[in-house]
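**Student:** Hey, dropping my_file.txt in here, compact mmCIF, C-alpha atoms:
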```
# COMPACT_ATOMS: atom_id res chain seq x y z
CA MET S 1 101.49 51.95 137.86
CA ASN S 2 103.41 49.98 135.32
CA ALA S 3 103.73 52.98 133.10
CA LEU S 4 105.07 55.03 135.94
CA ILE S 5 107.79 52.56 136.69
CA ARG S 6 108.71 52.39 133.05
CA LYS S 7 108.88 56.13 132.92
CA LYS S 8 111.16 56.17 135.91
CA ALA S 9 113.38 53.61 134.31
CA PHE S 10 113.48 55.66 131.18
CA ASN S 11 114.38 58.77 133.11
CA LYS S 12 117.21 56.92 134.72
CA GLN S 13 118.40 55.73 131.35
CA GLU S 14 118.32 59.19 130.03
CA LYS S 15 120.23 60.47 133.02
CA ASP S 16 122.87 57.82 132.43
CA LYS S 17 123.11 58.89 128.86
CA LEU S 18 123.56 62.46 129.91
CA LEU S 19 126.20 61.41 132.35
CA ILE S 20 128.01 59.58 129.61
CA GLN S 21 127.84 62.58 127.40
CA TYR S 22 129.16 64.68 130.17
CA HIS S 23 132.05 62.35 130.67
CA ILE S 24 132.89 62.39 127.03
CA GLU S 25 132.72 66.11 126.89
CA ALA S 26 134.54 66.71 130.08
CA PRO S 27 138.04 65.97 128.76
CA SER S 28 137.53 68.40 125.93
CA PHE S 29 136.91 71.12 128.49
CA VAL S 30 140.20 70.37 130.06
CA MET S 31 142.06 70.24 126.82
CA SER S 32 140.78 73.38 125.20
CA ASN S 33 141.41 76.93 126.17
CA HIS S 34 139.13 78.25 128.89
CA GLN S 35 138.19 81.37 126.97
CA ASP S 36 137.11 79.22 124.06
CA ILE S 37 134.62 77.20 126.06
CA ILE S 38 132.58 80.19 127.03
CA HIS S 39 132.45 81.33 123.46
CA SER S 40 131.40 78.08 121.91
CA SER S 41 128.73 77.45 124.51
CA SER S 42 127.32 80.93 124.08
CA VAL S 43 126.97 80.31 120.38
CA ASN S 44 125.29 76.95 120.72
CA GLN S 45 122.97 77.75 123.58
CA THR S 46 120.35 80.21 122.55
CA THR S 47 119.20 80.70 126.13
CA PHE S 48 122.52 81.83 127.37
CA LYS S 49 122.29 83.33 130.79
CA GLY S 50 124.80 84.95 133.00
CA GLY S 51 125.11 83.72 136.53
CA TYR S 52 126.25 80.42 137.91
CA ASN S 53 126.66 77.38 135.69
CA PRO S 54 127.21 74.21 137.75
CA SER S 55 129.69 72.76 135.31
CA LEU S 56 131.68 75.92 134.73
CA GLY S 57 131.25 77.96 137.87
CA PRO S 58 130.37 81.65 137.73
CA VAL S 59 129.67 82.75 134.18
CA GLN S 60 130.03 86.18 132.78
CA LEU S 61 128.18 87.33 129.73
CA PRO S 62 130.47 88.03 126.78
CA SER S 63 130.89 91.73 126.26
CA SER S 64 129.04 91.61 122.93
CA TYR S 65 125.96 90.25 124.72
CA GLN S 66 126.00 92.93 127.31
CA SER S 67 126.19 95.73 124.79
CA GLN S 68 123.32 94.15 122.85
CA ILE S 69 121.08 94.02 125.89
CA ALA S 70 121.89 97.58 126.80
CA SER S 71 121.13 98.91 123.33
CA SER S 72 117.89 96.96 122.97
CA SER S 73 116.52 98.29 126.23
CA LYS S 74 117.51 101.78 125.16
CA ASN S 75 115.75 101.62 121.82
CA GLN S 76 112.55 99.75 122.70
CA LYS S 77 110.73 101.87 125.18
CA ASN S 78 109.06 99.76 127.77
CA ILE S 79 105.49 100.51 128.82
CA TYR S 80 106.87 101.31 132.26
CA ASP S 81 109.05 104.06 130.80
CA HIS S 82 106.06 106.13 129.70
CA SER S 83 104.61 108.68 132.01
CA LEU S 84 101.36 107.61 133.62
CA SER S 85 99.88 111.06 133.47
CA ARG S 86 100.37 111.39 129.75
CA ARG S 87 97.28 110.50 127.82
CA ALA S 88 97.52 107.15 126.09
CA PRO S 89 97.50 107.11 122.30
CA GLU S 90 94.21 106.24 120.64
CA VAL S 91 93.21 102.66 120.05
CA ASN S 92 91.84 101.37 116.78
CA LEU S 93 88.07 101.11 116.98
CA SER S 94 88.02 97.88 114.99
CA SER S 95 90.35 96.04 117.31
CA LEU S 96 88.38 97.30 120.28
CA ALA S 97 85.13 96.15 118.69
CA PHE S 98 86.55 92.72 117.87
CA LEU S 99 88.02 92.36 121.34
CA PHE S 100 84.74 93.27 122.98
CA SER S 101 82.91 90.97 120.60
CA SER S 102 85.15 88.14 121.73
CA ILE S 103 84.55 89.01 125.37
CA VAL S 104 80.81 88.79 124.80
CA ASP S 105 81.20 85.58 122.84
CA TYR S 106 83.34 84.04 125.56
CA SER S 107 81.00 85.04 128.36
CA GLN S 108 78.05 83.77 126.40
CA LYS S 109 79.64 80.38 125.93
CA SER S 110 80.54 80.08 129.60
CA SER S 111 77.19 81.15 131.00
CA LYS S 112 73.90 79.33 131.05
CA GLY S 113 71.39 82.09 130.67
CA ILE S 114 70.97 85.71 129.75
CA GLN S 115 71.05 86.78 133.40
CA GLU S 116 74.30 84.99 133.99
CA LEU S 117 75.80 86.45 130.82
CA GLU S 118 74.87 89.93 131.95
CA ALA S 119 76.25 89.31 135.44
CA ARG S 120 79.48 88.03 133.95
CA LEU S 121 79.93 91.07 131.70
CA ASN S 122 79.16 93.24 134.68
CA ALA S 123 81.83 91.47 136.72
CA TYR S 124 84.46 91.97 133.99
CA GLY S 125 83.60 95.65 133.91
CA TYR S 126 83.66 95.91 137.68
CA SER S 127 87.28 94.82 137.91
CA ILE S 128 88.18 97.45 135.32
CA GLY S 129 86.21 100.14 137.10
CA THR S 130 88.02 99.73 140.39
CA LYS S 131 91.34 100.17 138.61
CA VAL S 132 90.43 102.84 136.11
CA LEU S 133 89.32 105.24 138.83
CA GLU S 134 92.90 105.39 140.03
CA ILE S 135 94.45 106.35 136.71
CA ILE S 136 91.76 108.84 135.76
CA THR S 137 92.19 110.67 139.05
CA LEU S 138 95.94 110.64 138.52
CA ARG S 139 95.60 112.09 135.04
CA GLU S 140 93.38 114.87 136.32
CA GLY S 141 96.54 116.23 137.89
CA LYS S 142 96.00 119.41 139.88
CA ASN S 143 92.30 119.56 139.10
CA ALA S 144 91.64 116.26 140.79
CA LYS S 145 89.69 116.24 143.99
CA ARG S 146 88.00 113.63 146.07
CA GLU S 147 84.29 113.63 145.35
CA ILE S 148 82.18 113.32 148.46
CA LYS S 149 78.77 114.17 147.05
CA VAL S 150 76.64 111.80 145.04
CA VAL S 151 76.07 114.39 142.33
CA GLY S 152 79.79 115.19 142.29
CA ILE S 153 80.88 111.63 141.63
CA LEU S 154 78.16 111.18 139.03
CA GLN S 155 79.29 114.27 137.18
CA PHE S 156 82.83 112.98 137.37
CA ILE S 157 81.71 109.73 135.73
CA HIS S 158 79.54 111.51 133.20
CA THR S 159 82.36 113.79 132.07
CA GLN S 160 85.88 112.73 133.01
CA VAL S 161 85.44 108.97 133.04
CA TRP S 162 83.45 108.90 129.83
CA LYS S 163 85.96 111.16 128.13
CA SER S 164 88.92 109.06 129.11
CA LEU S 165 87.24 105.74 128.29
CA PHE S 166 85.22 106.61 125.21
CA GLY S 167 86.61 109.94 124.03
CA LYS S 168 83.35 111.85 124.51
CA ILE S 169 81.14 112.85 127.37
CA ALA S 170 77.94 110.96 128.12
CA ASP S 171 74.77 112.48 126.74
CA GLU S 172 72.55 112.87 129.78
CA LEU S 173 72.70 112.67 133.53
CA GLU S 174 69.33 112.56 135.24
CA LYS S 175 67.90 112.03 138.68
CA SER S 176 64.87 109.86 139.05
CA SER S 177 61.81 111.81 140.09
CA ASP S 178 60.34 108.88 141.99
CA SER S 179 63.20 108.02 144.24
CA ASP S 180 66.09 109.75 145.95
CA ASP S 181 68.63 107.03 145.37
CA GLU S 182 68.16 106.47 141.64
CA TYR S 183 70.12 108.20 138.90
CA MET S 184 70.51 107.66 135.20
CA ILE S 185 73.38 108.24 132.80
CA THR S 186 72.47 108.04 129.13
CA ASP S 187 74.70 107.31 126.17
CA ASN S 188 73.11 107.68 122.75
CA LEU S 189 75.73 105.58 120.97
CA PRO S 190 77.82 103.41 123.31
CA LEU S 191 81.30 103.13 121.82
CA ILE S 192 82.09 99.52 122.60
CA SER S 193 78.73 98.04 121.65
CA GLN S 194 77.93 100.21 118.63
CA PHE S 195 78.34 97.36 116.16
CA ILE S 196 76.38 94.85 118.18
CA SER S 197 72.71 94.24 117.72
CA VAL S 198 71.19 91.80 120.15
CA PRO S 199 68.96 89.13 118.61
CA LYS S 200 65.34 88.97 119.71
CA GLU S 201 65.74 85.68 121.52
CA PHE S 202 68.08 87.39 123.96
CA GLY S 203 65.26 89.63 125.12
CA GLN S 204 66.27 92.55 127.26
CA LEU S 205 69.98 91.81 127.20
CA ASN S 206 72.22 94.80 126.75
CA VAL S 207 75.92 94.11 126.30
CA ALA S 208 76.67 97.52 127.78
CA ALA S 209 76.31 95.65 131.08
CA PHE S 210 80.08 95.70 130.77
CA THR S 211 80.11 99.49 130.94
CA ALA S 212 77.58 99.34 133.77
CA GLY S 213 80.08 97.16 135.59
CA ILE S 214 82.79 99.77 135.08
CA ILE S 215 80.54 102.44 136.60
CA GLU S 216 79.73 100.16 139.49
CA GLY S 217 83.39 99.49 140.11
CA ILE S 218 84.22 103.18 140.12
CA LEU S 219 81.36 104.02 142.47
CA ASP S 220 82.21 101.19 144.83
CA SER S 221 85.87 102.08 145.11
CA ALA S 222 84.92 105.72 145.68
CA TYR S 223 82.74 104.59 148.62
CA PHE S 224 79.43 105.15 146.89
CA GLN S 225 78.10 101.62 146.99
CA ALA S 226 75.59 101.16 144.19
CA ASN S 227 74.02 98.77 141.74
CA VAL S 228 74.30 99.69 138.10
CA SER S 229 72.44 98.08 135.22
CA ALA S 230 72.24 98.88 131.52
CA HIS S 231 68.96 99.15 129.62
CA THR S 232 68.22 99.82 126.00
CA VAL S 233 65.79 102.69 125.67
CA GLU S 234 65.32 103.36 121.99
CA LYS S 235 64.55 106.74 120.54
CA PRO S 236 63.78 107.46 116.92
CA GLY S 237 67.08 107.42 115.05
CA LEU S 238 68.95 106.13 118.09
CA PRO S 239 68.41 102.36 118.21
CA LEU S 240 71.32 101.79 120.58
CA ARG S 241 70.53 104.47 123.14
CA THR S 242 71.49 102.99 126.47
CA VAL S 243 70.48 104.13 129.93
CA PHE S 244 72.70 103.21 132.85
CA PHE S 245 70.44 102.91 135.84
CA ILE S 246 72.28 103.62 139.08
CA LYS S 247 70.70 102.68 142.38
CA PHE S 248 72.70 103.71 145.43
CA ASP S 249 72.71 101.76 148.64
CA HIS S 250 70.56 103.06 151.42
CA GLY S 251 73.59 103.96 153.52
CA VAL S 252 75.04 106.26 150.89
CA ILE S 253 71.93 108.41 150.76
CA GLU S 254 71.65 108.40 154.53
CA ARG S 255 75.25 109.56 154.86
CA GLU S 256 74.64 112.31 152.34
CA THR S 257 71.58 113.53 154.26
CA ILE S 258 73.46 113.62 157.55
CA ARG S 259 76.49 115.33 156.08
CA PHE S 260 74.83 117.92 153.88
CA GLY S 261 71.33 117.94 155.35
CA LYS S 262 68.87 118.10 152.54
CA MET Q 1 67.99 103.37 88.61
CA VAL Q 2 65.80 101.63 91.16
CA ILE Q 3 67.38 99.14 93.52
CA HIS Q 4 65.09 96.13 93.83
CA SER Q 5 66.81 93.62 96.05
CA LEU Q 6 70.04 92.54 97.65
CA TYR Q 7 71.40 89.01 97.98
CA ILE Q 8 74.45 87.92 99.91
CA ILE Q 9 75.94 84.54 99.08
CA ASN Q 10 78.62 82.95 101.24
CA LYS Q 11 81.72 81.32 99.84
CA ALA Q 12 80.07 77.92 99.72
CA GLY Q 13 77.23 79.20 97.56
CA GLY Q 14 74.63 79.37 100.31
CA LEU Q 15 72.26 82.30 100.53
CA ILE Q 16 72.83 84.11 103.81
CA TYR Q 17 70.87 87.28 103.22
CA GLN Q 18 68.04 88.41 101.00
CA THR Q 19 66.00 91.56 101.17
CA ASP Q 20 63.73 93.55 98.87
CA PHE Q 21 63.77 97.33 98.77
CA THR Q 22 60.88 98.08 96.42
CA PRO Q 23 57.43 97.13 97.69
CA GLY Q 24 55.15 94.86 95.65
CA LEU Q 25 57.78 92.47 94.34
CA ASN Q 26 56.69 88.88 93.94
CA LYS Q 27 58.21 86.67 96.59
CA LEU Q 28 59.77 83.32 95.80
CA THR Q 29 59.63 80.38 98.16
CA ALA Q 30 62.56 79.92 100.51
CA ASN Q 31 63.76 76.97 98.49
CA GLU Q 32 63.68 78.90 95.23
CA TYR Q 33 65.81 81.63 96.73
CA LEU Q 34 68.40 79.05 97.71
CA VAL Q 35 68.35 77.49 94.24
CA LEU Q 36 68.77 80.92 92.69
CA ALA Q 37 71.75 81.68 94.89
CA GLY Q 38 73.31 78.31 94.12
CA THR Q 39 72.83 78.84 90.40
CA ILE Q 40 74.46 82.28 90.52
CA HIS Q 41 77.32 80.79 92.46
CA GLY Q 42 77.84 78.10 89.83
CA VAL Q 43 77.48 80.42 86.87
CA PHE Q 44 79.95 82.80 88.48
CA ALA Q 45 82.49 80.02 88.83
CA ILE Q 46 82.05 78.99 85.20
CA ALA Q 47 82.28 82.59 84.05
CA SER Q 48 85.57 83.12 85.84
CA LYS Q 49 86.97 80.10 83.98
CA LEU Q 50 85.70 81.49 80.68
CA THR Q 51 87.25 84.93 81.04
CA PRO Q 52 89.87 85.21 78.28
CA THR Q 53 93.40 85.51 79.56
CA ALA Q 54 93.98 88.54 77.33
CA LEU Q 55 91.14 90.42 79.01
CA LYS Q 56 92.44 89.51 82.42
CA LEU Q 57 95.81 90.98 81.55
CA SER Q 58 94.47 94.14 80.03
CA THR Q 59 91.94 95.04 82.74
CA PRO Q 60 94.28 96.63 85.26
CA SER Q 61 95.65 99.12 82.77
CA SER Q 62 92.73 100.05 80.56
CA LEU Q 63 89.29 99.18 81.86
CA SER Q 64 89.48 99.78 85.56
CA SER Q 65 91.72 102.82 85.40
CA GLN Q 66 89.06 105.04 86.92
CA SER Q 67 87.74 102.62 89.47
CA SER Q 68 89.13 102.45 92.97
CA SER Q 69 92.29 100.70 94.03
CA LEU Q 70 90.30 97.87 95.59
CA SER Q 71 89.01 96.62 92.26
CA GLN Q 72 92.42 97.04 90.71
CA THR Q 73 94.06 94.74 93.15
CA SER Q 74 91.26 92.23 92.98
CA SER Q 75 91.20 92.11 89.19
CA HIS Q 76 94.70 90.67 89.25
CA GLY Q 77 93.39 87.49 90.78
CA SER Q 78 90.96 85.33 88.86
CA LYS Q 79 88.38 85.59 91.64
CA ASN Q 80 86.89 88.87 90.55
CA SER Q 81 87.04 88.18 86.85
CA GLY Q 82 83.83 86.19 86.82
CA LEU Q 83 80.32 87.45 86.36
CA ARG Q 84 80.06 91.15 87.07
CA CYS Q 85 76.82 92.20 85.50
CA ILE Q 86 73.81 90.82 83.64
CA GLU Q 87 71.75 93.34 81.70
CA THR Q 88 68.29 92.81 80.31
CA ASP Q 89 65.57 95.20 79.20
CA LYS Q 90 63.62 94.72 82.40
CA PHE Q 91 66.30 94.51 85.03
CA SER Q 92 70.01 94.32 85.68
CA ILE Q 93 72.01 92.18 88.06
CA PHE Q 94 75.28 93.37 89.51
CA ILE Q 95 77.60 91.07 91.41
CA TYR Q 96 80.57 91.95 93.53
CA GLN Q 97 82.72 89.20 94.91
CA THR Q 98 85.06 90.09 97.73
CA LEU Q 99 88.57 88.67 97.98
CA THR Q 100 87.28 86.42 100.73
CA GLY Q 101 84.70 84.85 98.45
CA VAL Q 102 81.50 86.45 99.69
CA LYS Q 103 79.25 87.56 96.86
CA PHE Q 104 77.02 90.62 97.05
CA MET Q 105 74.33 90.68 94.39
CA LEU Q 106 72.11 93.61 93.54
CA ILE Q 107 69.02 93.44 91.37
CA THR Q 108 68.11 96.79 89.88
CA SER Q 109 65.85 98.20 87.21
CA GLY Q 110 67.06 98.01 83.63
CA PRO Q 111 69.34 100.48 81.82
CA THR Q 112 68.20 104.08 82.20
CA SER Q 113 68.43 107.10 79.95
CA LYS Q 114 71.59 108.16 81.75
CA ASP Q 115 73.25 105.01 80.46
CA ILE Q 116 73.00 106.29 76.90
CA ASN Q 117 75.31 109.20 77.69
CA ASP Q 118 77.50 107.32 80.10
CA LEU Q 119 77.78 103.65 79.34
CA ASN Q 120 79.13 102.78 82.75
CA TYR Q 121 76.71 104.88 84.78
CA SER Q 122 74.60 102.04 86.23
CA SER Q 123 77.49 99.72 86.87
CA ASP Q 124 79.47 102.49 88.57
CA VAL Q 125 76.58 103.29 90.89
CA ALA Q 126 75.98 99.62 91.62
CA GLU Q 127 79.63 98.92 92.23
CA GLY Q 128 79.92 101.82 94.65
CA LEU Q 129 76.79 100.68 96.44
CA LEU Q 130 77.99 97.09 96.71
CA LYS Q 131 81.30 98.18 98.17
CA ASN Q 132 79.51 100.28 100.75
CA ILE Q 133 77.31 97.33 101.62
CA TYR Q 134 80.45 95.26 102.02
CA ALA Q 135 81.77 97.87 104.46
CA ILE Q 136 78.53 97.77 106.45
CA TYR Q 137 78.67 93.97 106.39
CA SER Q 138 82.17 93.90 107.81
CA ASP Q 139 81.22 96.41 110.50
CA TYR Q 140 77.83 95.27 111.69
CA VAL Q 141 77.85 91.57 110.89
CA MET Q 142 81.47 90.60 111.45
CA LYS Q 143 81.83 92.57 114.68
CA ASN Q 144 78.65 91.12 116.12
CA PRO Q 145 79.34 88.39 118.68
CA PHE Q 146 75.91 86.87 118.13
CA TYR Q 147 76.55 86.13 114.47
CA SER Q 148 78.16 82.85 113.48
CA LEU Q 149 80.14 82.78 110.27
CA ASP Q 150 78.48 81.63 107.04
CA MET Q 151 75.07 81.49 108.68
CA PRO Q 152 72.01 83.50 107.63
CA ILE Q 153 72.34 87.13 108.69
CA ARG Q 154 69.72 88.21 111.19
CA VAL Q 155 71.19 91.45 112.42
CA ASP Q 156 68.88 94.42 112.98
CA LEU Q 157 71.56 97.07 112.69
CA PHE Q 158 72.74 95.66 109.37
CA ASP Q 159 69.18 95.81 108.05
CA THR Q 160 68.71 99.43 109.04
CA LYS Q 161 72.10 100.57 107.80
CA VAL Q 162 71.66 98.91 104.40
CA ARG Q 163 68.19 100.40 104.05
CA GLU Q 164 69.50 103.85 104.93
CA LEU Q 165 72.25 103.47 102.35
CA VAL Q 166 69.91 102.33 99.57
CA LYS Q 167 67.46 105.09 100.40
CA GLY Q 168 70.32 107.56 100.20
CA THR Q 169 71.37 106.49 96.71
CA ALA Q 170 67.88 106.23 95.26
```
Go through the file and emit its structure as structure tokens.

**Tutor:**
Amino acid sequence: MNALIRKKAFNKQEKDKLLIQYHIEAPSFVMSNHQDIIHSSSVNQTTFKGGYNPSLGPVQLPSSYQSQIASSSKNQKNIYDHSLSRRAPEVNLSSLAFLFSSIVDYSQKSSKGIQELEARLNAYGYSIGTKVLEIITLREGKNAKREIKVVGILQFIHTQVWKSLFGKIADELEKSSDSDDEYMITDNLPLISQFISVPKEFGQLNVAAFTAGIIEGILDSAYFQANVSAHTVEKPGLPLRTVFFIKFDHGVIERETIRFGK
Amino acid sequence: MVIHSLYIINKAGGLIYQTDFTPGLNKLTANEYLVLAGTIHGVFAIASKLTPTALKLSTPSSLSSQSSSLSQTSSHGSKNSGLRCIETDKFSIFIYQTLTGVKFMLITSGPTSKDINDLNYSSDVAEGLLKNIYAIYSDYVMKNPFYSLDMPIRVDLFDTKVRELVKGTA
């Protein structure tokens, strides 16, 4: 309480000081040429803004400022100036790997167990998936169409999505023989997790849960509600082979049966 | 030239990785490995102080003219001028210290017949190998979120990649 009062007192003091300064400076405004004032203040103040200055009234930017702003916006192309449908330039694999490594590290520190870590990675991916669907469909241009079949959307993910996210198509797309609502997409060497080997004490964890989240986000926003999880299924020579296990909601399969009658 | 084992020593002189490539080598106790790494670290530091200034100045132009640009830049600093190689009849030791202070040490079989024709044969092979191991290290260890810096390396992918590389050169 005491401190607060003192602070208030201090603030008041400071205000007084400012007032005094203002009073001292004020005559100089009157005495000097009006044009001059704008110039000197624009030199001293680095954050010079056009608009309304309470002590001077409406302020106009000096002409040199305006030309500078115009030229800088002309030279430096803003991200918003690029066309959305043009393919983005490639990203350095190292920076991507380090970024993803930091994402995993961060989620690991903020979660209590392996399950939570996986759920967290999945959630990060999910928010990307819902957004990335939009831009991939846009970039398809005239070839784009709305997928209404389960197999159609899965092929779209297997080919177009994989190509635009990872620069290659996924290796396999399979349907489970046991169940109607289970599908699998396989990637022999997942791009983002190719440098990561999971220690034994983390058990079945697969950091591609992030990618699984992306798939889930895409499926959900395309109205194919599903659960997607990532599993490591090693093959000789392919220690990182990852299977994305997709289990559709009951309603999706039911809808498909009614619509296309299988 | 047979590659026997690989040691990686962090910048504080601690052993963070040790593996044998040839079967049937006698194992030391964990403590002895650490002592060995510490000794190498110390000897390396002494050796870099002992390197004559004249040699340091002449290396970029004459000795390392055929080696890659990486070693040329590093030989300017005193860090890489320490112990590079120990040769005995039975075995050789090659050490490569990165600019960041990590030391990669390779124990190989002794000088071979090829060394008679080409004096630098073994050291060229070893140096190339060590640089490749460094590349694997920076890919599979440094980009792994489950690895904490300067701690012992327990990374499966690093193991397999190094083994593949050594198998490829042998």

**Student:** With distances taken over only C-alpha atoms, which residue among S:Glu118, S:Glu182, S:Glu216, S:Glu134 lies nearest Ile253 in chain S?

**Tutor:**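 The shortest atom-to-atom distance to Ile253 in chain S comes from S:Glu182.
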
**Student:** Please, which residues of chain S lie no more than 10 Å from chain Q when the count uses only C-alpha atoms, and can they be set out as a list of chain:residue names?

**Tutor:** S:Ser94, S:Ser95, S:Leu96, S:Ala97, S:Phe98, S:Leu99, S:Phe100, S:Ser101, S:Ser102, S:Ile103, S:Val104, S:Asp105, S:Tyr106, S:Gln108, S:Ser193, S:Gln194, S:Phe195, S:Ile196, S:Ser197, S:Val198, S:Pro199, S:Lys200, S:Phe202, S:Pro239, S:Leu240

**Student:** List every protein, DNA or RNA residue with an atom no more than 12 Å from (68.2, 103.6, 80.8) in the file's coordinates, counting all atoms listed in the file, and format the result as a VMD selection string.

**Tutor:** chain Q and resid 1 to 2 87 to 92 108 to 123

**Student:** Between S:Ile214, S:Val252, S:Ala208, S:Gly203, single out the one closest to Ala226 in chain S, counting only C-alpha atoms.

**Tutor:**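 For Ala226 in chain S, the nearest of the given residues is S:Val252.
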
**Student:** Distance CA of Glu140 in chain S-CA of Asp171 in chain S, one decimal place?

**Tutor:** 21.1 Å

**Student:** Quick one, how far is CA of Gly14 in chain Q from CA of Leu165 in chain Q?

**Tutor:**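 So the answer is 24.3 Å.
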
**Student:** For CA of Asn206 in chain S and CA of Ile8 in chain Q, determine how far apart the two atoms are, in Å to one decimal place.

**Tutor:**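 So the two atoms, CA of Asn206 in chain S and CA of Ile8 in chain Q, lie 27.8 Å apart.
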
**Student:** Using all atoms listed in the file, determine which residues lie at most 12 Å from Ser179 in chain S, disregarding the query and same-chain residues fewer than 2 positions distant; provide the list as a list in words.

**Tutor:**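 Contacts, in chain order: Glu174, Lys175, Ser176, Ser177, Asp181, Glu182, Tyr183, Met184, Ile246, Lys247, Phe248, His250 and Ile253 of chain S.
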
**Student:** Keeping C-alpha atoms, export the residues of the selection given above as a CSV table (one decimal), in the frame of the given file.

**Tutor:**
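Just written: result03.csv:
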```csv
chain,number,residue,atom,x,y,z
S,174,GLU,CA,69.3,112.6,135.2
S,175,LYS,CA,67.9,112.0,138.7
S,176,SER,CA,64.9,109.9,139.0
S,177,SER,CA,61.8,111.8,140.1
S,181,ASP,CA,68.6,107.0,145.4
S,182,GLU,CA,68.2,106.5,141.6
S,183,TYR,CA,70.1,108.2,138.9
S,184,MET,CA,70.5,107.7,135.2
S,246,ILE,CA,72.3,103.6,139.1
S,247,LYS,CA,70.7,102.7,142.4
S,248,PHE,CA,72.7,103.7,145.4
S,250,HIS,CA,70.6,103.1,151.4
S,253,ILE,CA,71.9,108.4,150.8
```

**Student:** Residues within 7 Å of Lys103 in chain Q, please, as a list in words. Count only C-alpha atoms; anything in the same chain fewer than 5 positions from it doesn't count.

**Tutor:**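 Within the cut-off, the hits are Ile8, Ile9, Asn10, Ile95, Tyr96, Gln97 and Thr98 of chain Q.
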
**Student:** Set the distance at 12 Å and use all atoms listed in the file: which residues neighbour Leu219 in chain S once local chain neighbours fewer than 3 positions away are removed? I'd like the list as an MDAnalysis selection string.

**Tutor:** chainID S and resid 126:134 147:157 161 212:216 222:228 246:249 252

**Student:** Which of these, S:Leu205, S:Arg259, S:Val243, S:Ser164, has the shortest distance to Ile114 in chain S once you count all atoms listed in the file?

**Tutor:**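 Checking each of S:Leu205, S:Arg259, S:Val243, S:Ser164 against Ile114 in chain S, counting all atoms listed in the file, the winner is S:Leu205.
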
**Student:** Can you work out which one of S:Thr186, S:Asp180, S:Pro236, S:Leu117 has the shortest atom-to-atom distance to Glu256 in chain S, counting all atoms listed in the file?

**Tutor:**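 Smallest separation from Glu256 in chain S among the options: S:Asp180.
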
**Student:** Extract, using all atoms listed in the file, all DNA, RNA and protein residues at most 12 Å from Thr19 in chain Q, discarding same-chain residues fewer than 2 positions from it, and format them as an MDAnalysis selection string.

**Tutor:** chainID Q and resid 3:8 15:17 21:23 25 27:28 33 104:107 152:154 158:160 162:163 166
